[in-house]
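What follows is the content of target_2.txt, which has compact mmCIF, C-alpha atoms:
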# COMPACT_ATOMS: atom_id res chain seq x y z
CA MET I 444 51.85 58.07 -11.46
CA ILE I 445 48.82 58.32 -13.71
CA THR I 446 46.01 55.83 -14.24
CA CYS I 447 45.21 54.00 -17.47
CA ALA I 448 42.17 56.24 -17.96
CA GLU I 449 44.32 59.37 -17.65
CA ALA I 450 46.95 58.00 -20.01
CA VAL I 451 44.41 56.89 -22.62
CA ARG I 452 42.58 60.22 -22.49
CA GLN I 453 45.76 61.98 -23.55
CA LEU I 454 47.16 59.51 -26.09
CA TRP I 455 46.11 61.46 -29.19
CA GLU I 456 47.30 64.75 -27.77
CA TYR I 457 50.55 62.97 -26.94
CA LEU I 458 50.85 61.80 -30.57
CA ASP I 459 49.87 65.29 -31.77
CA GLY I 460 52.76 66.69 -29.70
CA VAL I 461 50.53 69.09 -27.78
CA VAL I 462 50.84 67.79 -24.20
CA GLU I 463 52.91 69.61 -21.60
CA GLU I 464 56.38 68.25 -20.91
CA ALA I 465 55.38 66.89 -17.47
CA ASP I 466 52.34 65.12 -18.97
CA ARG I 467 54.46 63.66 -21.74
CA GLU I 468 56.86 62.19 -19.19
CA ALA I 469 53.99 60.79 -17.12
CA ILE I 470 52.45 59.14 -20.19
CA GLU I 471 55.75 57.64 -21.29
CA GLU I 472 56.39 56.34 -17.79
CA HIS I 473 52.94 54.73 -17.76
CA LEU I 474 53.46 53.21 -21.20
CA SER I 475 56.77 51.74 -20.07
CA PHE I 476 54.96 49.21 -17.90
CA CYS I 477 51.32 49.11 -19.11
CA ARG I 478 50.87 46.69 -21.97
CA ARG I 479 47.19 47.44 -22.42
CA CYS I 480 47.81 51.15 -22.88
CA CYS I 481 50.58 50.30 -25.38
CA GLY I 482 47.88 48.42 -27.30
CA GLU I 483 45.72 51.55 -27.18
CA LEU I 484 48.67 53.61 -28.39
CA ASP I 485 49.33 51.23 -31.31
CA PHE I 486 45.67 51.39 -32.26
CA ALA I 487 45.60 55.20 -32.04
CA GLU I 488 48.60 55.31 -34.40
CA GLU I 489 46.88 52.84 -36.73
CA LEU I 490 43.71 54.93 -36.71
CA ARG I 491 45.73 58.02 -37.62
CA ARG I 492 47.33 56.19 -40.56
CA PHE I 493 43.85 54.99 -41.52
CA LEU I 494 42.60 58.60 -41.65
CA ALA I 495 45.70 59.79 -43.51
CA ARG I 496 45.17 57.07 -46.13
CA SER I 497 41.53 57.98 -46.67
CA ASP I 498 41.52 59.41 -50.13
CA GLU I 499 39.31 61.43 -52.39
CA PRO I 500 39.01 60.96 -56.14
CA ALA I 501 41.46 63.05 -58.18
CA LEU I 502 40.19 66.27 -59.76
CA PRO I 503 37.90 65.08 -62.58
CA ALA I 504 38.76 66.44 -66.05
CA ASP I 505 35.40 68.19 -66.53
CA VAL I 506 35.57 69.91 -63.13
CA LYS I 507 39.16 70.94 -63.85
CA ALA I 508 38.10 72.44 -67.18
CA ARG I 509 35.32 74.47 -65.54
CA LEU I 510 37.61 75.73 -62.77
CA LEU I 511 40.29 76.71 -65.28
CA ALA I 512 37.60 78.55 -67.29
CA THR I 513 36.72 80.47 -64.11
CA LEU I 514 40.38 81.41 -63.77
CA THR I 515 40.49 82.55 -67.39
CA ASP I 516 37.41 84.70 -66.83
CA LEU I 517 38.82 86.39 -63.73
CA GLY I 518 38.77 90.13 -63.94
CA ASP I 519 35.42 90.06 -65.69
CA ARG I 520 33.68 88.32 -62.81
CA ALA I 521 35.65 89.22 -59.73
CA MET J 920 31.23 85.67 -67.63
CA SER J 921 32.15 88.26 -70.23
CA VAL J 922 29.30 90.07 -71.92
CA PHE J 923 31.49 90.43 -75.00
CA PRO J 924 31.78 87.05 -76.67
CA GLU J 925 34.66 88.19 -78.87
CA GLN J 926 36.73 88.94 -75.76
CA GLY J 927 36.14 85.46 -74.50
CA MET J 928 37.27 84.08 -77.85
CA LEU J 929 40.41 86.17 -77.76
CA ARG J 930 41.26 84.95 -74.28
CA ALA J 931 40.61 81.38 -75.23
CA GLN J 932 43.02 81.70 -78.12
CA GLN J 933 45.70 83.65 -76.31
CA PRO J 934 45.51 82.88 -72.59
CA ALA J 935 49.26 83.30 -72.07
CA GLU J 936 49.28 86.85 -73.38
CA ASP J 937 47.39 88.31 -70.45
CA THR J 938 49.52 91.23 -69.36
CA SER J 939 47.91 91.84 -65.98
CA PRO J 940 50.49 90.71 -63.39
CA LYS J 941 47.81 90.30 -60.73
CA ARG J 942 45.66 88.12 -62.92
CA SER J 943 48.45 85.98 -64.32
CA GLY J 944 50.12 85.61 -60.92
CA PHE J 945 46.91 84.44 -59.35
CA GLN J 946 46.04 82.19 -62.29
CA ALA J 947 49.42 80.45 -62.08
CA LEU J 948 49.12 79.95 -58.33
CA ALA J 949 45.52 78.74 -58.41
CA ALA J 950 45.98 76.44 -61.41
CA GLN J 951 48.83 74.74 -59.60
CA GLU J 952 46.82 74.40 -56.39
CA LEU J 953 43.54 73.20 -57.97
CA PRO J 954 44.02 69.45 -57.36
CA ARG J 955 44.88 70.01 -53.70
CA LEU J 956 42.07 72.52 -53.13
CA TYR J 957 39.53 70.23 -54.77
CA ARG J 958 40.62 67.22 -52.72
CA LEU J 959 40.37 69.19 -49.48
CA ALA J 960 36.96 70.61 -50.50
CA ARG J 961 35.70 67.09 -51.23
CA ARG J 962 36.66 66.11 -47.71
CA LEU J 963 35.05 69.17 -46.17
CA VAL J 964 31.82 69.60 -48.16
CA GLY J 965 31.53 66.50 -50.36
CA ASP J 966 29.46 67.09 -53.49
CA GLU J 967 29.69 70.86 -53.14
CA ALA J 968 33.45 70.77 -53.60
CA GLU J 969 33.43 72.32 -57.07
CA ASP J 970 31.24 75.23 -55.91
CA ALA J 971 33.44 75.78 -52.86
CA VAL J 972 36.55 75.93 -55.07
CA GLN J 973 34.78 78.35 -57.44
CA ASP J 974 33.97 80.60 -54.45
CA THR J 975 37.61 80.35 -53.38
CA LEU J 976 38.93 81.39 -56.80
CA LEU J 977 36.69 84.47 -56.92
CA LYS J 978 37.36 85.54 -53.33
CA GLY J 979 41.05 84.78 -53.64
CA TYR J 980 41.44 86.80 -56.82
CA ARG J 981 39.82 89.84 -55.23
CA ALA J 982 42.22 89.73 -52.28
CA TYR J 983 45.31 88.53 -54.16
CA ALA J 984 46.93 91.94 -54.59
CA SER J 985 47.23 92.27 -50.83
CA ILE J 986 49.33 89.14 -50.46
CA ALA J 987 52.88 90.23 -49.73
CA ASP J 988 54.38 86.83 -48.98
CA GLN J 989 54.13 84.67 -52.08
CA VAL J 990 55.64 81.68 -50.29
CA ALA J 991 52.64 81.62 -47.95
CA ALA J 992 50.19 81.92 -50.86
CA PRO J 993 49.14 78.21 -50.89
CA ALA J 994 48.34 78.36 -47.15
CA TRP J 995 46.45 81.60 -47.73
CA LEU J 996 44.34 79.92 -50.43
CA THR J 997 43.70 77.01 -48.06
CA ALA J 998 42.40 79.42 -45.42
CA ILE J 999 40.02 80.99 -47.96
CA LEU J 1000 38.80 77.56 -49.03
CA VAL J 1001 38.17 76.48 -45.43
CA ASN J 1002 36.12 79.63 -44.90
CA CYS J 1003 34.16 79.09 -48.11
CA CYS J 1004 33.40 75.52 -47.03
CA ARG J 1005 32.22 76.74 -43.61
CA ASP J 1006 30.01 79.36 -45.26
CA ARG J 1007 28.44 76.71 -47.47
CA ALA J 1008 27.77 74.45 -44.50
CA ARG J 1009 26.29 77.36 -42.54
CA ALA J 1010 24.10 78.44 -45.43
CA LYS J 1011 22.60 74.98 -45.57
CA GLY J 1012 21.86 75.15 -41.86
CA ARG J 1013 23.96 72.13 -41.06
CA ARG J 1014 24.55 71.55 -37.40
CA ALA J 1015 27.48 73.63 -36.25
CA GLU J 1016 26.80 73.74 -32.55
CA GLU J 1017 28.87 72.09 -29.88
CA ILE J 1018 27.29 68.82 -28.89
CA GLU J 1019 27.15 67.12 -25.56
CA LEU J 1020 28.87 63.78 -25.47
CA ASP J 1021 28.13 62.79 -21.91
CA GLU J 1022 27.97 59.07 -22.43
CA GLY J 1023 29.68 58.99 -25.81
CA ASP J 1024 32.68 60.76 -24.39
CA ASP J 1025 33.82 57.54 -22.78
CA PHE J 1026 33.40 55.45 -25.89
CA SER J 1027 36.58 53.60 -26.78
CA LEU J 1028 36.74 51.86 -30.13
CA TYR J 1029 39.77 49.91 -28.96
CA ARG J 1030 37.92 48.49 -25.95
CA THR J 1031 34.69 47.96 -27.88
CA ILE J 1032 36.45 45.87 -30.53
CA ALA J 1033 38.23 43.85 -27.84
CA ALA J 1034 35.00 43.26 -25.91
CA GLU J 1035 32.77 42.47 -28.88
CA ASP J 1036 35.47 40.39 -30.57
CA PRO J 1037 33.93 40.43 -34.06
CA PHE J 1038 36.63 38.20 -35.59
CA PRO J 1039 37.19 35.41 -33.06
CA TYR J 1040 39.89 33.64 -35.09
CA SER J 1041 41.95 36.76 -35.68
CA ASP J 1042 45.25 37.45 -33.98
CA SER J 1043 45.19 41.07 -35.18
CA LEU J 1044 41.64 41.93 -34.23
CA HIS J 1045 41.91 45.72 -34.25
CA LEU J 1046 43.73 45.88 -37.57
CA ASP J 1047 41.26 43.48 -39.11
CA PHE J 1048 38.44 45.76 -38.02
CA LEU J 1049 40.00 48.74 -39.83
CA HIS J 1050 40.74 46.64 -42.92
CA GLN J 1051 37.01 46.06 -43.39
CA PHE J 1052 36.59 49.70 -44.39
CA GLY J 1053 37.02 50.71 -48.00
CA ARG J 1054 37.74 54.29 -49.04
CA GLU J 1055 34.07 54.95 -49.71
CA ASP J 1056 33.24 53.78 -46.20
CA VAL J 1057 35.75 56.11 -44.54
CA ARG J 1058 34.42 58.98 -46.62
CA ALA J 1059 30.86 58.13 -45.59
CA VAL J 1060 31.78 57.94 -41.90
CA LEU J 1061 33.54 61.33 -41.99
CA ALA J 1062 30.57 62.81 -43.83
CA GLU J 1063 28.26 61.73 -41.00
CA LEU J 1064 30.09 63.92 -38.48
CA PRO J 1065 28.88 67.48 -37.80
CA GLN J 1066 31.16 69.87 -39.65
CA LEU J 1067 32.27 71.50 -36.39
CA TYR J 1068 34.13 68.27 -35.64
CA ARG J 1069 34.79 67.05 -39.17
CA LEU J 1070 36.82 70.11 -40.15
CA PRO J 1071 39.51 69.79 -37.46
CA LEU J 1072 39.70 65.99 -37.89
CA VAL J 1073 40.13 66.24 -41.65
CA LEU J 1074 42.66 69.07 -41.47
CA CYS J 1075 44.77 67.42 -38.74
CA TYR J 1076 44.62 63.75 -39.62
CA CYS J 1077 43.75 63.54 -43.32
CA GLU J 1078 45.62 66.63 -44.48
CA GLY J 1079 48.43 66.53 -41.93
CA TYR J 1080 48.26 70.05 -40.54
CA GLN J 1081 49.62 70.70 -37.04
CA VAL J 1082 46.98 71.26 -34.35
CA LYS J 1083 48.16 74.85 -33.82
CA GLU J 1084 47.92 75.57 -37.56
CA VAL J 1085 44.36 74.26 -37.61
CA ALA J 1086 43.39 76.41 -34.62
CA HIS J 1087 44.76 79.38 -36.55
CA LEU J 1088 42.99 78.36 -39.79
CA LEU J 1089 39.66 77.93 -38.03
CA GLU J 1090 40.22 81.03 -35.88
CA VAL J 1091 39.65 79.41 -32.50
CA PRO J 1092 41.84 79.30 -29.36
CA LEU J 1093 44.08 76.24 -29.03
CA GLY J 1094 42.10 74.97 -26.01
CA THR J 1095 38.85 75.05 -27.98
CA MET J 1096 40.53 73.26 -30.86
CA LEU J 1097 41.86 70.52 -28.56
CA ALA J 1098 38.39 70.03 -27.07
CA ARG J 1099 36.79 69.79 -30.51
CA LEU J 1100 39.44 67.35 -31.70
CA HIS J 1101 38.86 65.20 -28.64
CA ARG J 1102 35.10 65.13 -29.16
CA GLY J 1103 35.55 64.70 -32.90
CA ARG J 1104 37.77 61.64 -32.39
CA LYS J 1105 35.30 60.08 -29.97
CA LEU J 1106 32.45 60.73 -32.38
CA PHE J 1107 34.51 59.33 -35.24
CA GLU J 1108 35.29 56.16 -33.27
CA ARG J 1109 31.67 55.66 -32.32
CA THR J 1110 30.46 56.38 -35.86
CA LEU J 1111 32.99 53.90 -37.28
CA TRP J 1112 31.68 51.19 -34.98
CA GLU J 1113 28.02 51.96 -35.68
CA TYR J 1114 28.69 52.13 -39.44
CA ALA J 1115 30.40 48.73 -39.29
CA GLU J 1116 27.39 47.29 -37.46
CA ARG J 1117 24.92 48.79 -39.95
CA HIS J 1118 26.85 47.72 -43.04
CA GLY J 1119 27.66 44.18 -42.03
CA LEU J 1120 31.40 44.78 -41.68
CA LEU J 1121 31.61 42.88 -38.40
CA LYS J 1122 31.85 39.50 -40.06
CA GLU J 1123 34.94 37.51 -40.85
CA ASN J 1124 36.09 38.35 -44.39
CA ALA J 1125 33.11 40.63 -45.00
CA ARG J 1126 35.08 42.43 -47.71
CA ARG J 1127 36.72 39.46 -49.38
Step by step, read the file and then write its structure as structure tokens.
Amino acid sequence: MITCAEAVRQLWEYLDGVVEEADREAIEEHLSFCRRCCGELDFAEELRRFLARSDEPALPADVKARLLATLTDLGDRA
Amino acid sequence: MSVFPEQGMLRAQQPAEDTSPKRSGFQALAAQELPRLYRLARRLVGDEAEDAVQDTLLKGYRAYASIADQVAAPAWLTAILVNCCRDRARAKGRRAEEIELDEGDDFSLYRTIAAEDPFPYSDSLHLDFLHQFGREDVRAVLAELPQLYRLPLVLCYCEGYQVKEVAHLLEVPLGTMLARLHRGRKLFERTLWEYAERHGLLKENARR
């Protein structure tokens, strides 16, 4: 049996798939009866989606043109 | 840049007629990868993204002939970019040292939101908290983190690389990578909360 603190500490590693088999089983057993830790797990998953959604602006046309010019010049510069 | 303007003009008019296999192979690969490289560089070094991609193109071209496995070429370019971004951060003397998180290590965003209850009428408190953040806000929060922790977070959770791949990319043992990810997540959670406090996001419908 593991405590809530132990389960919560490993939730992200659990989601990342990098915990040992025995730890994975212990976490899943804990989650099977601990509603609060299930809430933590849902939030961790939500936070991961939140990070995955964070976006950057697409490559601006002027930057693209300059980078392509660098590529065209390769051989002279490199 | 070419010192012979007429050569530059010729290339501009006939870019497809370059007969060098190395040059044309690399140009095709890099041109295809530019949007992805630029997006990743924006996440890693912000406003210096264009310079970091320029560095990557020059370094990559020099080493391109030694690439045997063309299928792995995009990942190889990614590794060069990550290194160029780290070099830029180092050159600017940004903090790259491990930091102690004695008290911060226990910070839980989940518990903090529940305890502080910023949206008392909400039945989806934690989701509502995250919905207050626009894309600019998330970018700003990530940018506040020391690069030692930002790099693994961005590569794993924004770019979707496996933890083991990121350890390999950043050339650190898996255990070190796991420790940095753990600290990075805690820092990210704490920074999100503090950013929300500073920017008035802890009010009902702050964004609407």
Can you list every residue of chain J that has an atom at most 6 Å from chain I, with its nearest atom pair and the distance in Å to one decimal, using only C-alpha atoms, ordered by chain then number, as JSON lines?
{"residue": "J:Ser921", "atom": "CA", "partner": "I:Asp519", "partner_atom": "CA", "distance": 5.9}
{"residue": "J:Gln946", "atom": "CA", "partner": "I:Leu514", "partner_atom": "CA", "distance": 5.9}
{"residue": "J:Pro954", "atom": "CA", "partner": "I:Leu502", "partner_atom": "CA", "distance": 5.5}
{"residue": "J:Arg958", "atom": "CA", "partner": "I:Glu499", "partner_atom": "CA", "distance": 5.9}
{"residue": "J:Leu977", "atom": "CA", "partner": "I:Ala521", "partner_atom": "CA", "distance": 5.6}
{"residue": "J:Arg1054", "atom": "CA", "partner": "I:Ser497", "partner_atom": "CA", "distance": 5.8}
{"residue": "J:Tyr1076", "atom": "CA", "partner": "I:Ala495", "partner_atom": "CA", "distance": 5.7}
{"residue": "J:Cys1077", "atom": "CA", "partner": "I:Ala495", "partner_atom": "CA", "distance": 4.2}
List the neighbours of Ala1086 in chain J out to 7 Å using all atoms listed in the file; skip same-chain residues closer than 6 positions along the sequence, and give me the result as a ChimeraX atom specification. /J:1092-1093,1096
Quick one: residues within 9 Å of Pro1071 in chain J, only C-alpha atoms, excluding same-chain residues fewer than 6 positions away - as a VMD selection string? chain J and resid 1082 1085 to 1086 1089 1096 1099 to 1100 1103
Store the residues picked out above in a file with C-alpha atoms, as an mmCIF file, in the frame of the given file.
data_model
loop_
_atom_site.group_PDB
_atom_site.id
_atom_site.type_symbol
_atom_site.label_atom_id
_atom_site.label_comp_id
_atom_site.auth_asym_id
_atom_site.auth_seq_id
_atom_site.Cartn_x
_atom_site.Cartn_y
_atom_site.Cartn_z
ATOM 1 C CA VAL J 1082 46.980 71.260 -34.350
ATOM 2 C CA VAL J 1085 44.360 74.260 -37.610
ATOM 3 C CA ALA J 1086 43.390 76.410 -34.620
ATOM 4 C CA LEU J 1089 39.660 77.930 -38.030
ATOM 5 C CA MET J 1096 40.530 73.260 -30.860
ATOM 6 C CA ARG J 1099 36.790 69.790 -30.510
ATOM 7 C CA LEU J 1100 39.440 67.350 -31.700
ATOM 8 C CA GLY J 1103 35.550 64.700 -32.900
#
Using only C-alpha atoms, can you tell me which of J:Gln989, J:Gln973, J:Thr1031, J:Gln1081 comes closest to Ala508 in chain I?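 Of the candidates, the smallest distance to Ala508 in chain I is held by J:Gln973.
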When you look at Ala450 in chain I with a cut-off of 10 Å (counting all atoms listed in the file), what residues show up, excluding the ones that are within fewer than 2 positions of it in the same chain? I need them as a ChimeraX atom specification. /I:444-448,452-455,457,466-467,469-474,477,480,483-484
For a test of reading the model, state the distance in Å between CA of Asn1002 in chain J and CA of Leu1064 in chain J, rounded to one decimal.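 Atom-to-atom, CA of Asn1002 in chain J to CA of Leu1064 in chain J, that is 18.0 Å.
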Pick the closest to Thr1095 in chain J from J:Tyr1080, J:Tyr1068, J:Tyr957, J:Tyr983: which is it, counting only C-alpha atoms?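 Using only C-alpha atoms, the shortest distance to Thr1095 in chain J belongs to J:Tyr1068.
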Mind pulling up the distance from CA of Ala994 in chain J to CA of Glu463 in chain I?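 Going from CA of Glu463 in chain I over to CA of Ala994 in chain J, I get 27.4 Å.
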Could you please determine the separation between CA of Cys1003 in chain J and CA of Val972 in chain J in Å, to one decimal place? 8.0 Å
Let me make sure I understand: among J:Glu1113, J:Glu1108, J:Glu952, J:Glu1090, which one has the smallest atom-to-atom distance to Tyr1029 in chain J if we use only C-alpha atoms?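 Looking only at the distances to Tyr1029 in chain J, the closest residue turns out to be J:Glu1108.
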What's the 9 Å shell around Ala1033 in chain J, counting all atoms listed in the file, without same-chain residues fewer than 4 positions away, as a list of chain:residue names?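 My list of contacting residues is J:Leu1028, J:Tyr1029, J:Pro1037, J:Leu1044, J:His1045.
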Counting all atoms listed in the file, which of J:Ala984, J:Ser943, J:Cys1004, J:Gly1053 gets nearest to Ala968 in chain J?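 Among the listed residues, J:Cys1004 lies closest to Ala968 in chain J.
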